[in-house]
Each structure stands twice: as structure tokens, then as C-alpha cells.
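**Student:** Handing you a structure now.
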Amino acid sequence: MFDDRRENYIQRALYDFEMVLREQVDRADKMKDGGFYHCCDINKGITVGLAGGDGIGPVIMSQAEKLLEKLLHEEIKSGKFTIKKIEGLTIENRKALGKSVPDDVLAEIKECDVLLKGPTTTPKGGKLESANVTLRRELDLYANIRPVSVPSEGIDWTFFRENTEGEYALGSRGIEIPGRLTMDFKVTTELGTRRIARAAFDFAKANGKNRVAIVTKANIMKKTDGMFSEICHEVAAEYPGIEAEDWYVDIMAANLLNKDIRNQFQVFILPNLYGDIITDEAAEIQGGVGTAGSENLGDKYAMFEAIHGSAPRMVEEGLAEYANPSSIFKAAEMMLRQIGFTDKADKLSKALHICCEEEKKLVVNGTSEGAKCSEFADYVMSKL
Ligand code: IPM
Ligand code: MG
């Protein structure tokens, strides 16, 4: 039976692969070696989209909304800062419509200046793409920037995760020979690599950093990671005084646990999947994935979010109200800084520092022994 259909399966898979390849070459053709996120005009008024997401998303996002309302009370009153709630980015709606980001939701998001987004649930297997992957692609948010710091240890890391390519871009487009094998693809483009490398080196230069770690597995993934590393080095040559060093992702995972050397790392550039994994590890060192925020930037759009997912396990165990809002608060801080509300970002940063580093009167640890999300949020807001 299988043998009869074997050739059909192979032909079908070849056709699917050809489509993927042609699409990716088209994407690479159209890609521009552009600039970087151009900030909106603060004087014209800013509209911030808020999307709650799934699982613990609505719990932490409702606190983020309260926080923004408190912090920007005057600006909201005067129309300088508008909050626009984006509904419909829920897993229920996305599943019902069979669309990872429904068209009307995407259109609404594009009308906002920036988006602050709660985590969204991605079903395992099946065809529905992760909403994150869709948004990052549709808005071309190629730089996922994730800072992690542990001041007591001298750790000050900034991760530049490539956000539109790698395994993620084609993770829902794999091929299958039923009963025999499955195959997924990974894609890396020259310009796609160049632009994330440039973002990282520009950041290093502007912030007085002199070491950039290029993290790949180029000894094994010879084409994709090989080119990624090569292009990062080409870009590095434009930045004298900044040392670019190659690390394989496995040993980098170990380095981050090595207290003798880890505080010497400064800036990291990583392809998408390694960036996903290593930034969760880094966040755990900082105090947990619930403590890290991230910005997703492209040339035109910007999206800010926690680095973690929707934590369905916490919801199942009835622990959603114990979720840590720090991650989304940090994302909100990055957003305020990016859109030009620097003084508000500083205020929030200070409040977070008092609550998470200095006083630590309340600690959220994701269990019923820790503080609740709302209690911790009130604590932070009391310090604004
Ligand atoms: C992240 C998250 C997402 C990712 C999930 C929620 C799809 O883990 O932003 O790191 O894998 O990119
Ligand atoms: Mg992740």
C-alpha cells in the first residue's frame, strides 16, 4: 500500500518544498537593507494597542493597563496617549477562524503606533501558526531585543534575537511522508542576518560595549548558521573597537551558568530558535521568565511583550492570579522609552528597581506561597 503511494507522496512533498523555496527567495528579493525602528511623533499623540492574549495573558495585561493609566494619567486626559484595546487575538477566536492572526485584528494593530501584547497560546502540531510568528513576520519585526541584568553579579546582558527567520519562519510548512518521515526547514537570508547584526553592533557602539557574542551551531548547521556567523563578522568589521566572538549555542548555554565568566558577556546575536531558548535561560538567572520583557522592532512597527508564553499549566493548576506582572511591566518600560516618554520609563524603571532589587517586600514566584499578580502590581504602582 505504502509503496504504491510512495512516489505520489514524494512528488507532493517536492511541490510543497518548491513553493516554500520560491516564497523565501521572493521574500529575500524584496527585503531591504533598511534602517531601524523609526519612532512615532510624540507631539502628534501616540496610540498604543493592548492585546490581552491567552492563559495568564489577560491577568498580567489588566495590571499593565492599570499601570499605564496611572503613569500617563495626564497624557491620556490631554489626548497625547491613547490606549486602544485589541480584542480577538484569543486562541478561541483564532481557532474558530482558522487564522493565527485574523485579518481585522491585524489591520487594527497596524493602525496603532505600537502594540503591547500579552502572551498567546500556540497549539502543538496542527497547521495553526503561532500568533507571535505571524505578527513578527507580518509587521517585519526582525529584532527581538531582550535585556537581562543581575546588578549584584555585574551581569548586564542584551540579547539580539533574529525574529523573522530560522526554524520559526517555516515551522508550520514542513513536509511529511506519512508513515515514514517528517521534515522541517530552516531559512537564513543574507540581508535578514545583516540587519539583526547591524542592530546589535549599533547598540553596542551606542552603549559603550566592546564585546559581541555571535551564537550559532555553525559546526553542524553549516549552511544557515555558517552564513549567519560569516555575515555577522562582515558587519563586525565596520565597528572597530568592538570584538566579535563566535560561540556555539551549547557551550553558551553552559557559559551562562558559569559564574566565573558570565558577567563578561555583554551583547549577543542569535538566530531565532537559539535566541528563544537562551533568553529563557538568561531570564531564569535574573529571577525567572516572569521577570523579563522584550521589544520586537522592525523598520516600521514595534511590538512589546513578556518573553514567556501563556503558561497554560499555571492556569490549569488554578495559579493564574499568581502570575508575575514584572515581565509585561518591563516590556511597558521599553515601550515608553522607545516612543519617547523617557521620563515615564525612568519612573517605572525606578519603581521596579525598588520592588525587585531593593525592598523586595513582596515576591511573586508563580505559586500560592508567593504574592498575587494584583498585589505585586499595586506594590509597584505605589512606588511610581
Ligand atoms: C517567545 C515565546 C514565543 C516564541 C512563543 C510564545 C511562540 O516563547 O517570545 O520567546 O517561541 O518565540
Ligand atoms: Mg520563548
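Letters A, B, ... mark the chains of the C-alpha cells in the order given; residue numbers begin at 1 per chain; ligand numbers begin at 1, in order shown.
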Counting only C-alpha atoms, what is within 12 Å of Thr279 of chain A, bar same-chain residues fewer than 2 positions away, as a short mmCIF file (atom, residue, chain, number, x, y, z; two decimals) with N, CA, C and O atoms, in the first residue's frame?
**Tutor:**
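New file part.cif:
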```
data_model
loop_
_atom_site.label_atom_id
_atom_site.label_comp_id
_atom_site.auth_asym_id
_atom_site.auth_seq_id
_atom_site.Cartn_x
_atom_site.Cartn_y
_atom_site.Cartn_z
N ASN A 144 14.45 41.10 17.95
CA ASN A 144 13.83 40.85 19.25
C ASN A 144 14.89 41.11 20.31
O ASN A 144 15.84 40.35 20.46
N ILE A 145 14.72 42.20 21.01
CA ILE A 145 15.76 42.66 21.94
C ILE A 145 15.33 42.35 23.37
O ILE A 145 14.24 42.75 23.79
N ARG A 146 16.18 41.62 24.08
CA ARG A 146 15.82 41.14 25.42
C ARG A 146 16.94 41.43 26.42
O ARG A 146 17.95 40.73 26.43
N PRO A 147 16.78 42.44 27.24
CA PRO A 147 17.81 42.72 28.24
C PRO A 147 17.62 41.86 29.49
O PRO A 147 16.50 41.58 29.88
N VAL A 148 18.71 41.47 30.07
CA VAL A 148 18.69 40.71 31.33
C VAL A 148 19.80 41.28 32.20
O VAL A 148 20.93 41.44 31.74
N SER A 149 19.47 41.58 33.45
CA SER A 149 20.54 42.09 34.31
C SER A 149 20.43 41.52 35.72
O SER A 149 19.32 41.28 36.22
N TRP A 157 23.32 41.95 30.32
CA TRP A 157 23.30 41.30 29.01
C TRP A 157 22.20 41.90 28.13
O TRP A 157 21.12 42.24 28.62
N THR A 158 22.47 42.03 26.85
CA THR A 158 21.41 42.38 25.90
C THR A 158 21.45 41.40 24.74
O THR A 158 22.46 41.27 24.05
N PHE A 159 20.35 40.70 24.57
CA PHE A 159 20.25 39.67 23.52
C PHE A 159 19.55 40.25 22.30
O PHE A 159 18.48 40.86 22.42
N PHE A 160 20.15 40.07 21.14
CA PHE A 160 19.53 40.43 19.87
C PHE A 160 19.16 39.13 19.15
O PHE A 160 20.01 38.48 18.56
N ARG A 161 17.91 38.77 19.27
CA ARG A 161 17.41 37.52 18.67
C ARG A 161 16.83 37.84 17.30
O ARG A 161 15.93 38.68 17.20
N VAL A 215 26.22 33.73 18.41
CA VAL A 215 25.91 32.41 18.94
C VAL A 215 25.21 31.55 17.88
O VAL A 215 24.11 31.87 17.45
N VAL A 249 26.09 27.39 20.47
CA VAL A 249 24.98 27.61 21.40
C VAL A 249 25.03 26.67 22.61
O VAL A 249 24.64 27.06 23.72
N MET A 252 27.49 28.08 24.99
CA MET A 252 26.97 29.34 25.53
C MET A 252 25.93 29.07 26.62
O MET A 252 25.89 29.76 27.64
N ALA A 253 25.11 28.01 26.41
CA ALA A 253 24.13 27.64 27.45
C ALA A 253 24.88 27.30 28.74
O ALA A 253 24.43 27.65 29.84
N LEU A 256 26.50 30.55 30.49
CA LEU A 256 25.58 31.40 31.27
C LEU A 256 25.40 30.86 32.69
O LEU A 256 24.95 31.58 33.58
N PHE A 268 24.69 39.87 22.68
CA PHE A 268 24.63 38.58 21.98
C PHE A 268 23.80 38.73 20.71
O PHE A 268 22.78 39.42 20.73
N ILE A 269 24.24 38.05 19.64
CA ILE A 269 23.40 37.97 18.44
C ILE A 269 23.09 36.49 18.23
O ILE A 269 24.03 35.65 18.21
N LEU A 270 21.82 36.18 18.06
CA LEU A 270 21.45 34.77 17.92
C LEU A 270 20.38 34.58 16.84
O LEU A 270 19.44 35.38 16.75
N PRO A 271 20.49 33.49 16.06
CA PRO A 271 19.38 33.14 15.20
C PRO A 271 18.14 32.83 16.06
O PRO A 271 18.27 32.56 17.26
N ASN A 272 17.00 32.86 15.42
CA ASN A 272 15.71 32.83 16.11
C ASN A 272 15.55 31.77 17.21
O ASN A 272 15.28 32.10 18.37
N LEU A 273 15.73 30.52 16.87
CA LEU A 273 15.44 29.45 17.84
C LEU A 273 16.43 29.45 19.02
O LEU A 273 16.03 29.29 20.17
N TYR A 274 17.70 29.66 18.72
CA TYR A 274 18.67 29.71 19.84
C TYR A 274 18.37 30.91 20.72
O TYR A 274 18.53 30.87 21.94
N GLY A 275 17.94 32.00 20.09
CA GLY A 275 17.59 33.20 20.85
C GLY A 275 16.41 32.94 21.77
O GLY A 275 16.38 33.41 22.91
N ASP A 276 15.47 32.17 21.28
CA ASP A 276 14.31 31.82 22.11
C ASP A 276 14.76 31.06 23.35
O ASP A 276 14.41 31.40 24.48
N ILE A 277 15.58 30.06 23.13
CA ILE A 277 15.98 29.16 24.23
C ILE A 277 16.93 29.86 25.20
O ILE A 277 16.73 29.85 26.42
N GLU A 281 16.75 30.93 29.41
CA GLU A 281 17.78 30.56 30.39
C GLU A 281 18.30 31.80 31.11
O GLU A 281 18.41 31.84 32.34
N ALA A 282 18.58 32.83 30.31
CA ALA A 282 19.12 34.07 30.89
C ALA A 282 18.12 34.68 31.87
O ALA A 282 18.48 35.12 32.96
N ALA A 283 16.83 34.68 31.47
CA ALA A 283 15.80 35.27 32.33
C ALA A 283 15.71 34.51 33.65
O ALA A 283 15.51 35.11 34.71
N GLU A 284 15.89 33.20 33.59
CA GLU A 284 15.83 32.38 34.80
C GLU A 284 16.94 32.80 35.77
O GLU A 284 16.75 32.82 36.98
N ILE A 285 18.09 33.17 35.21
CA ILE A 285 19.21 33.60 36.05
C ILE A 285 18.88 34.93 36.72
O ILE A 285 19.28 35.21 37.84
N GLN A 286 18.07 35.73 36.02
CA GLN A 286 17.68 37.03 36.56
C GLN A 286 16.61 36.90 37.65
O GLN A 286 16.40 37.81 38.44
N GLY A 288 13.66 34.48 36.90
CA GLY A 288 12.54 33.73 36.34
C GLY A 288 12.08 34.35 35.03
O GLY A 288 12.33 35.53 34.78
N VAL A 289 11.41 33.52 34.20
CA VAL A 289 10.96 34.07 32.91
C VAL A 289 9.92 35.16 33.11
O VAL A 289 9.72 36.01 32.24
N GLY A 290 9.28 35.15 34.27
CA GLY A 290 8.28 36.19 34.57
C GLY A 290 8.89 37.54 34.86
O GLY A 290 8.18 38.50 35.16
N THR A 291 10.22 37.64 34.79
CA THR A 291 10.86 38.92 35.11
C THR A 291 11.45 39.62 33.89
O THR A 291 12.08 40.67 34.04
N ALA A 292 11.27 39.05 32.70
CA ALA A 292 11.96 39.64 31.54
C ALA A 292 11.00 40.12 30.46
O ALA A 292 10.07 39.40 30.06
N GLY A 293 11.25 41.33 30.00
CA GLY A 293 10.44 41.90 28.93
C GLY A 293 11.21 41.92 27.62
O GLY A 293 12.42 41.68 27.60
N SER A 294 10.51 42.21 26.53
CA SER A 294 11.22 42.26 25.26
C SER A 294 10.58 43.23 24.30
O SER A 294 9.39 43.54 24.40
N ALA A 306 6.05 40.25 27.10
CA ALA A 306 6.83 39.45 28.04
C ALA A 306 7.62 38.44 27.21
O ALA A 306 7.25 38.16 26.08
N ILE A 307 8.68 37.87 27.79
CA ILE A 307 9.41 36.89 26.96
C ILE A 307 8.79 35.50 27.06
O ILE A 307 9.13 34.61 26.30
N HIS A 308 7.88 35.33 28.01
CA HIS A 308 7.34 33.97 28.22
C HIS A 308 6.03 33.75 27.47
O HIS A 308 5.46 34.67 26.90
#
```
**Student:** Kindly provide, as a list in words, all nucleotide and amino acid residues lying within 7 Å of ligand 1, counting only C-alpha atoms and all ligand atoms.
**Tutor:**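 So the residues close to ligand 1 are Pro119, Thr120, Thr121, Thr122, Ser130, Asn132, Val133, Asp276, Ile307, His308, Gly309 and Ser310 of chain A.
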**Student:** Write down as a ChimeraX atom specification the residues of segment 92-317 of chain A whose backbone DSSP state falls under alpha helix (DSSP H).
**Tutor:** /A:92-97,103-111,131-138,166-170,190-206,224-236,249-255,272-286,312-316
**Student:** Residues within 9 Å of Met381 of chain A, please, as a PyMOL selection string. Count only C-alpha atoms; anything in the same chain fewer than 2 positions from it doesn't count.
**Tutor:** chain A and resi 66-67+70-71+348+351+376-379+383-384
**Student:** Just N, CA and C atoms for this one: save the residues we selected as a short mmCIF file (atom, residue, chain, number, x, y, z; two decimals), in the first residue's frame.
**Tutor:**
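As a result, part-v2.cif now contains:
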```cif
data_model
loop_
_atom_site.label_atom_id
_atom_site.label_comp_id
_atom_site.auth_asym_id
_atom_site.auth_seq_id
_atom_site.Cartn_x
_atom_site.Cartn_y
_atom_site.Cartn_z
N LYS A 66 -3.69 49.10 33.97
CA LYS A 66 -3.85 49.96 35.15
C LYS A 66 -2.61 50.82 35.36
N LEU A 67 -1.46 50.17 35.17
CA LEU A 67 -0.19 50.87 35.36
C LEU A 67 -0.05 52.03 34.37
N LYS A 70 -2.26 54.89 35.27
CA LYS A 70 -1.77 55.67 36.41
C LYS A 70 -0.58 56.55 35.99
N LEU A 71 0.35 55.91 35.30
CA LEU A 71 1.59 56.59 34.93
C LEU A 71 1.36 57.72 33.94
N LEU A 348 9.09 54.31 35.94
CA LEU A 348 8.69 52.90 36.06
C LEU A 348 9.90 52.04 36.40
N ALA A 351 10.69 52.38 40.04
CA ALA A 351 9.72 51.66 40.88
C ALA A 351 10.01 50.16 40.84
N PHE A 376 1.31 42.48 43.75
CA PHE A 376 2.63 42.96 43.34
C PHE A 376 2.49 44.20 42.45
N ALA A 377 1.48 44.17 41.57
CA ALA A 377 1.27 45.32 40.68
C ALA A 377 0.95 46.57 41.51
N ASP A 378 0.10 46.41 42.53
CA ASP A 378 -0.23 47.56 43.40
C ASP A 378 1.02 48.08 44.09
N TYR A 379 1.88 47.14 44.50
CA TYR A 379 3.14 47.49 45.17
C TYR A 379 3.99 48.36 44.24
N LYS A 383 4.91 52.87 44.15
CA LYS A 383 6.25 53.48 44.14
C LYS A 383 6.46 54.44 42.96
N LEU A 384 5.42 54.62 42.16
CA LEU A 384 5.61 55.47 40.96
C LEU A 384 5.76 56.93 41.34
#
```
**Student:** With distances taken over only C-alpha atoms, which residue among A:Gly171, A:Gly287, A:Pro240, A:Pro58 lies nearest Glu129 of chain A?
**Tutor:**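 Result for the nearest residue to Glu129 of chain A: A:Gly171.
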**Student:** Name the residues of segment 178-382 of chain A that fall into strand (DSSP E or B) according to DSSP on the backbone, using the chain letters and numbers of this document, as a PyMOL selection string.
**Tutor:** chain A and resi 181-183+187+211-216+243-248+267-270+293-297+302-306
**Student:** Tell me, as a list in words, which residues lie within 8 Å of Glu295 of chain A, counting only C-alpha atoms; anything in the same chain fewer than 6 positions away does not count.
**Tutor:**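 What passes the distance filter is Ala143, Asn144, Ile145, Arg146, Ala302, Met303, Phe304, Glu305, Ala331, Met334 and Met335 of chain A.
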**Student:** With 12 Å as the cut-off and only C-alpha atoms counted, what is the closest atom pair between each nearby residue of segment 120-173 of chain A and segment 221-228 of chain A? Distances in Å to one decimal, ordered by chain and number, as CSV.
**Tutor:**
```
residue,atom,partner,partner_atom,distance
A:Glu162,CA,A:Phe228,CA,10.2
A:Glu165,CA,A:Thr224,CA,10.3
A:Gly166,CA,A:Thr224,CA,8.0
A:Glu167,CA,A:Thr224,CA,10.2
```
**Student:** Would you save the residues of that selection, restricted to N, CA, C and O atoms, as a short mmCIF file (atom, residue, chain, number, x, y, z; two decimals), in the first residue's frame?
**Tutor:**
```
data_model
loop_
_atom_site.label_atom_id
_atom_site.label_comp_id
_atom_site.auth_asym_id
_atom_site.auth_seq_id
_atom_site.Cartn_x
_atom_site.Cartn_y
_atom_site.Cartn_z
N GLU A 162 17.34 37.20 16.25
CA GLU A 162 16.74 37.38 14.92
C GLU A 162 15.32 36.83 15.03
O GLU A 162 15.10 35.76 15.59
N GLU A 165 13.21 34.72 10.90
CA GLU A 165 13.72 33.66 10.03
C GLU A 165 13.97 32.38 10.84
O GLU A 165 13.29 32.11 11.81
N GLY A 166 14.95 31.60 10.39
CA GLY A 166 15.31 30.38 11.10
C GLY A 166 14.22 29.32 11.02
O GLY A 166 13.43 29.29 10.07
N GLU A 167 14.17 28.47 12.04
CA GLU A 167 13.18 27.39 12.08
C GLU A 167 11.78 27.97 12.19
O GLU A 167 10.80 27.36 11.75
#
```
**Student:** Between atom CA of Lys110 of chain A and atom CA of Leu139 of chain A, what is the distance in Å, rounded to a tenth?
**Tutor:** 8.0 Å
**Student:** Any idea what's packed within 12 Å of Val315 of chain A, counting only C-alpha atoms, ignoring anything in its chain fewer than 3 positions away? Could you give it as an MDAnalysis selection string?
**Tutor:** chainID A and resid 54:59 121 309:312 318:323 366:367
**Student:** Fewer than 4 positions away in the same chain doesn't count, so skip those; otherwise give me all residues within 9 Å of segment 208-214 of chain A, counting only C-alpha atoms, as a ChimeraX atom specification.
**Tutor:** /A:197,200-201,203-204,228-229,232-233,236,241-248,264-270
**Student:** Identify which of the residues A:Glu357, A:Asp280, A:Glu369, A:Asp260 lies closest to ligand 2, counting only C-alpha atoms and all ligand atoms when measuring atom-to-atom distances.
**Tutor:**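 Between A:Glu357, A:Asp280, A:Glu369, A:Asp260, the residue approaching ligand 2 most closely is A:Asp280.
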